[in-house]
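Listing of final28.txt; format and content: compact mmCIF, N, CA and C atoms.
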# COMPACT_ATOMS: atom_id res chain seq x y z
N ARG P 182 97.97 100.06 86.38
CA ARG P 182 99.01 100.61 85.54
C ARG P 182 99.46 101.96 86.10
N VAL P 183 100.08 101.92 87.25
CA VAL P 183 100.57 103.15 87.86
C VAL P 183 102.03 102.99 88.27
N GLY P 184 102.72 104.09 88.32
CA GLY P 184 104.10 104.10 88.80
C GLY P 184 104.98 103.10 88.08
N GLY P 185 105.81 102.43 88.85
CA GLY P 185 106.75 101.47 88.28
C GLY P 185 106.17 100.08 88.09
N LEU P 186 104.89 99.93 88.37
CA LEU P 186 104.30 98.59 88.28
C LEU P 186 104.37 97.99 86.89
N THR P 187 104.26 98.81 85.86
CA THR P 187 104.28 98.26 84.50
C THR P 187 105.63 97.66 84.15
N SER P 188 106.68 98.09 84.82
CA SER P 188 108.00 97.53 84.53
C SER P 188 108.34 96.36 85.44
N THR P 189 107.55 96.13 86.48
CA THR P 189 107.87 95.05 87.40
C THR P 189 106.87 93.89 87.34
N ILE P 190 105.71 94.11 86.78
CA ILE P 190 104.70 93.05 86.68
C ILE P 190 104.59 92.59 85.24
N ALA P 191 104.70 91.28 85.06
CA ALA P 191 104.49 90.68 83.74
C ALA P 191 103.01 90.32 83.66
N ASP P 192 102.26 91.06 82.86
CA ASP P 192 100.81 90.89 82.79
C ASP P 192 100.45 89.46 82.42
N GLY P 193 99.65 88.84 83.27
CA GLY P 193 99.22 87.47 83.04
C GLY P 193 100.19 86.42 83.54
N GLU P 194 101.36 86.85 84.03
CA GLU P 194 102.37 85.91 84.55
C GLU P 194 102.59 86.09 86.04
N THR P 195 102.88 87.32 86.44
CA THR P 195 103.13 87.61 87.85
C THR P 195 102.02 88.46 88.46
N GLY P 196 101.06 88.81 87.66
CA GLY P 196 99.95 89.64 88.10
C GLY P 196 99.19 90.15 86.90
N TYR P 197 98.32 91.09 87.15
CA TYR P 197 97.56 91.70 86.06
C TYR P 197 97.79 93.21 86.07
N LEU P 198 97.96 93.76 84.89
CA LEU P 198 98.02 95.21 84.73
C LEU P 198 96.63 95.66 84.27
N ILE P 199 96.00 96.45 85.10
CA ILE P 199 94.62 96.86 84.85
C ILE P 199 94.60 98.37 84.65
N PRO P 200 93.85 98.84 83.67
CA PRO P 200 93.79 100.28 83.43
C PRO P 200 93.38 101.06 84.69
N TRP P 201 93.98 102.20 84.85
CA TRP P 201 93.73 103.09 85.98
C TRP P 201 92.26 103.50 86.02
N ARG P 202 91.68 103.42 87.18
CA ARG P 202 90.30 103.84 87.43
C ARG P 202 89.27 103.09 86.59
N CYS P 203 89.50 101.81 86.40
CA CYS P 203 88.55 100.96 85.67
C CYS P 203 88.16 99.80 86.58
N PRO P 204 87.11 99.96 87.36
CA PRO P 204 86.76 98.93 88.33
C PRO P 204 86.28 97.61 87.73
N GLU P 205 85.69 97.65 86.54
CA GLU P 205 85.16 96.41 85.96
C GLU P 205 86.26 95.39 85.68
N PRO P 206 87.35 95.76 84.96
CA PRO P 206 88.40 94.76 84.74
C PRO P 206 89.06 94.31 86.05
N PHE P 207 89.15 95.22 87.01
CA PHE P 207 89.72 94.86 88.31
C PHE P 207 88.86 93.79 88.97
N ALA P 208 87.56 94.00 88.98
CA ALA P 208 86.64 93.03 89.58
C ALA P 208 86.69 91.69 88.84
N GLU P 209 86.77 91.74 87.52
CA GLU P 209 86.84 90.50 86.73
C GLU P 209 88.09 89.70 87.07
N ARG P 210 89.24 90.37 87.15
CA ARG P 210 90.49 89.67 87.45
C ARG P 210 90.50 89.15 88.88
N LEU P 211 89.95 89.92 89.79
CA LEU P 211 89.87 89.50 91.18
C LEU P 211 89.00 88.25 91.30
N GLU P 212 87.88 88.24 90.63
CA GLU P 212 87.00 87.07 90.65
C GLU P 212 87.70 85.86 90.04
N LEU P 213 88.42 86.08 88.95
CA LEU P 213 89.16 85.00 88.31
C LEU P 213 90.17 84.39 89.28
N LEU P 214 90.89 85.24 89.99
CA LEU P 214 91.88 84.75 90.95
C LEU P 214 91.22 84.02 92.13
N LEU P 215 90.11 84.55 92.59
CA LEU P 215 89.42 83.91 93.71
C LEU P 215 88.89 82.53 93.34
N ASP P 216 88.52 82.36 92.09
CA ASP P 216 87.92 81.10 91.63
C ASP P 216 88.93 80.08 91.12
N ASN P 217 90.21 80.45 91.02
CA ASN P 217 91.17 79.57 90.36
C ASN P 217 92.41 79.36 91.25
N ASP P 218 92.41 78.26 91.98
CA ASP P 218 93.53 77.97 92.89
C ASP P 218 94.85 77.85 92.15
N GLU P 219 94.85 77.16 91.01
CA GLU P 219 96.09 76.94 90.27
C GLU P 219 96.65 78.26 89.73
N LEU P 220 95.79 79.15 89.27
CA LEU P 220 96.25 80.44 88.77
C LEU P 220 96.88 81.25 89.90
N ARG P 221 96.24 81.26 91.07
CA ARG P 221 96.82 81.97 92.22
C ARG P 221 98.19 81.40 92.57
N ALA P 222 98.30 80.08 92.59
CA ALA P 222 99.58 79.45 92.92
C ALA P 222 100.63 79.78 91.87
N SER P 223 100.22 79.77 90.62
CA SER P 223 101.15 80.08 89.52
C SER P 223 101.66 81.51 89.63
N PHE P 224 100.76 82.45 89.90
CA PHE P 224 101.17 83.85 90.07
C PHE P 224 102.11 83.97 91.27
N GLY P 225 101.81 83.25 92.34
CA GLY P 225 102.67 83.30 93.52
C GLY P 225 104.07 82.81 93.23
N ARG P 226 104.16 81.67 92.54
CA ARG P 226 105.49 81.13 92.19
C ARG P 226 106.25 82.09 91.29
N ALA P 227 105.58 82.56 90.25
CA ALA P 227 106.24 83.47 89.30
C ALA P 227 106.64 84.78 89.97
N GLY P 228 105.80 85.26 90.86
CA GLY P 228 106.11 86.50 91.58
C GLY P 228 107.32 86.35 92.48
N ARG P 229 107.40 85.22 93.18
CA ARG P 229 108.56 84.98 94.05
C ARG P 229 109.85 84.89 93.23
N GLU P 230 109.78 84.24 92.08
CA GLU P 230 110.96 84.15 91.22
C GLU P 230 111.36 85.53 90.69
N ALA P 231 110.37 86.30 90.27
CA ALA P 231 110.65 87.63 89.70
C ALA P 231 111.23 88.58 90.74
N VAL P 232 110.77 88.49 91.96
CA VAL P 232 111.22 89.43 92.99
C VAL P 232 112.69 89.22 93.34
N GLU P 233 113.22 88.05 93.05
CA GLU P 233 114.64 87.80 93.30
C GLU P 233 115.53 88.79 92.55
N ARG P 234 115.08 89.23 91.39
CA ARG P 234 115.87 90.20 90.61
C ARG P 234 116.03 91.52 91.35
N TYR P 235 115.10 91.82 92.24
CA TYR P 235 115.10 93.12 92.91
C TYR P 235 115.65 93.06 94.34
N ARG P 236 116.12 91.90 94.76
CA ARG P 236 116.75 91.81 96.08
C ARG P 236 118.00 92.69 96.07
N TRP P 237 118.25 93.34 97.20
CA TRP P 237 119.36 94.28 97.28
C TRP P 237 120.68 93.63 96.87
N ALA P 238 120.95 92.43 97.34
CA ALA P 238 122.22 91.77 97.02
C ALA P 238 122.36 91.56 95.52
N ASN P 239 121.30 91.17 94.85
CA ASN P 239 121.36 90.95 93.40
C ASN P 239 121.55 92.25 92.65
N VAL P 240 120.86 93.29 93.07
CA VAL P 240 121.00 94.60 92.42
C VAL P 240 122.42 95.13 92.63
N ALA P 241 122.93 95.01 93.84
CA ALA P 241 124.29 95.48 94.14
C ALA P 241 125.32 94.72 93.30
N ASP P 242 125.15 93.41 93.17
CA ASP P 242 126.06 92.62 92.34
C ASP P 242 126.02 93.07 90.88
N ALA P 243 124.83 93.34 90.38
CA ALA P 243 124.68 93.76 88.98
C ALA P 243 125.34 95.12 88.76
N VAL P 244 125.17 96.04 89.71
CA VAL P 244 125.79 97.36 89.58
C VAL P 244 127.31 97.24 89.65
N ALA P 245 127.81 96.44 90.57
CA ALA P 245 129.26 96.24 90.69
C ALA P 245 129.82 95.63 89.40
N ALA P 246 129.13 94.66 88.84
CA ALA P 246 129.59 94.03 87.60
C ALA P 246 129.60 95.04 86.46
N LEU P 247 128.62 95.90 86.41
CA LEU P 247 128.58 96.94 85.38
C LEU P 247 129.78 97.87 85.51
N TYR P 248 130.03 98.35 86.73
CA TYR P 248 131.17 99.24 86.94
C TYR P 248 132.49 98.56 86.58
N GLU P 249 132.63 97.30 86.98
CA GLU P 249 133.86 96.57 86.67
C GLU P 249 134.04 96.41 85.16
N SER P 250 132.94 96.23 84.44
CA SER P 250 133.04 96.08 82.99
C SER P 250 133.45 97.38 82.30
N LEU P 251 133.23 98.50 82.97
CA LEU P 251 133.57 99.79 82.39
C LEU P 251 135.01 100.22 82.71
N LEU P 252 135.63 99.58 83.69
CA LEU P 252 137.00 99.92 84.05
C LEU P 252 137.98 99.39 83.00
N PRO P 253 139.05 100.14 82.76
CA PRO P 253 140.05 99.64 81.82
C PRO P 253 140.70 98.37 82.36
N ALA P 254 141.07 97.50 81.45
CA ALA P 254 141.65 96.20 81.85
C ALA P 254 143.06 96.34 82.34
Translate this file's structure into structure tokens.
Amino acid sequence: RVGGLTSTIADGETGYLIPWRCPEPFAERLELLLDNDELRASFGRAGREAVERYRWANVADAVAALYESLLPA
């Protein structure tokens, strides 16, 4: 739970948000991921889908659309 991670990671969907400086929950989640192939694959798929929102072309399109919506007709 540092920096912008809390706004970009969906806890339990695209990754895990773990309290800062708490090694026990980190180790537990890491072990869970190592032991669960389907969970790892699910996180990978969800992460790839989520990252599309942050691609430069998508962000630029969203900003351009916002500016265009603010211009008088």
Which polymer residues have any atom within 7 Å of an atom of segment 228-242 of chain P, counting all atoms listed in the file, with same-chain residues fewer than 3 positions away left out, as a PDB file with N, CA and C atoms, in the frame of the given file?
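Contents of out_4.pdb, freshly written:
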ATOM      1  N   GLU P 194     101.360  86.850  84.030  1.00  0.00           N
ATOM      2  CA  GLU P 194     102.370  85.910  84.550  1.00  0.00           C
ATOM      3  C   GLU P 194     102.590  86.090  86.040  1.00  0.00           C
ATOM      4  N   THR P 195     102.880  87.320  86.440  1.00  0.00           N
ATOM      5  CA  THR P 195     103.130  87.610  87.850  1.00  0.00           C
ATOM      6  C   THR P 195     102.020  88.460  88.460  1.00  0.00           C
ATOM      7  N   GLY P 196     101.060  88.810  87.660  1.00  0.00           N
ATOM      8  CA  GLY P 196      99.950  89.640  88.100  1.00  0.00           C
ATOM      9  C   GLY P 196      99.190  90.150  86.900  1.00  0.00           C
ATOM     10  N   SER P 223     100.220  79.770  90.620  1.00  0.00           N
ATOM     11  CA  SER P 223     101.150  80.080  89.520  1.00  0.00           C
ATOM     12  C   SER P 223     101.660  81.510  89.630  1.00  0.00           C
ATOM     13  N   PHE P 224     100.760  82.450  89.900  1.00  0.00           N
ATOM     14  CA  PHE P 224     101.170  83.850  90.070  1.00  0.00           C
ATOM     15  C   PHE P 224     102.110  83.970  91.270  1.00  0.00           C
ATOM     16  N   GLY P 225     101.810  83.250  92.340  1.00  0.00           N
ATOM     17  CA  GLY P 225     102.670  83.300  93.520  1.00  0.00           C
ATOM     18  C   GLY P 225     104.070  82.810  93.230  1.00  0.00           C
ATOM     19  N   ALA P 245     127.810  96.440  90.570  1.00  0.00           N
ATOM     20  CA  ALA P 245     129.260  96.240  90.690  1.00  0.00           C
ATOM     21  C   ALA P 245     129.820  95.630  89.400  1.00  0.00           C
ATOM     22  N   ALA P 246     129.130  94.660  88.840  1.00  0.00           N
ATOM     23  CA  ALA P 246     129.590  94.030  87.600  1.00  0.00           C
ATOM     24  C   ALA P 246     129.600  95.040  86.460  1.00  0.00           C
ATOM     25  N   LEU P 247     128.620  95.900  86.410  1.00  0.00           N
ATOM     26  CA  LEU P 247     128.580  96.940  85.380  1.00  0.00           C
ATOM     27  C   LEU P 247     129.780  97.870  85.510  1.00  0.00           C
TER      28      LEU P 247
END
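Residues in contact range of segment 208-213 of chain P, defined as at most 8 Å between all atoms listed in the file, with sequence neighbours fewer than 6 positions away removed, read Tyr197, Leu220 and Arg221 of chain P.
Among P:Leu186, P:Ala222, P:Ala227, P:Leu214, the residue with the shortest atom-to-atom distance to Leu198 of chain P, counting only N, CA and C atoms, is P:Leu186.
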What does the structure give for the distance between atom CA of Cys203 of chain P and atom N of Thr187 of chain P, in Å to one decimal?
15.9 Å
Per DSSP on the backbone, filter segment 191-250 of chain P down to the residues in helix (DSSP H, G or I) and report them as number ranges by chain.
P: 204-216, 218-235, 237-250
Mind pulling up the distance from atom CA of Ser188 of chain P to atom CA of Glu205 of chain P?
22.9 Å
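Atom CA of Phe207 of chain P to atom CA of Thr189 of chain P spans 18.2 Å [interatomic distance, one decimal].
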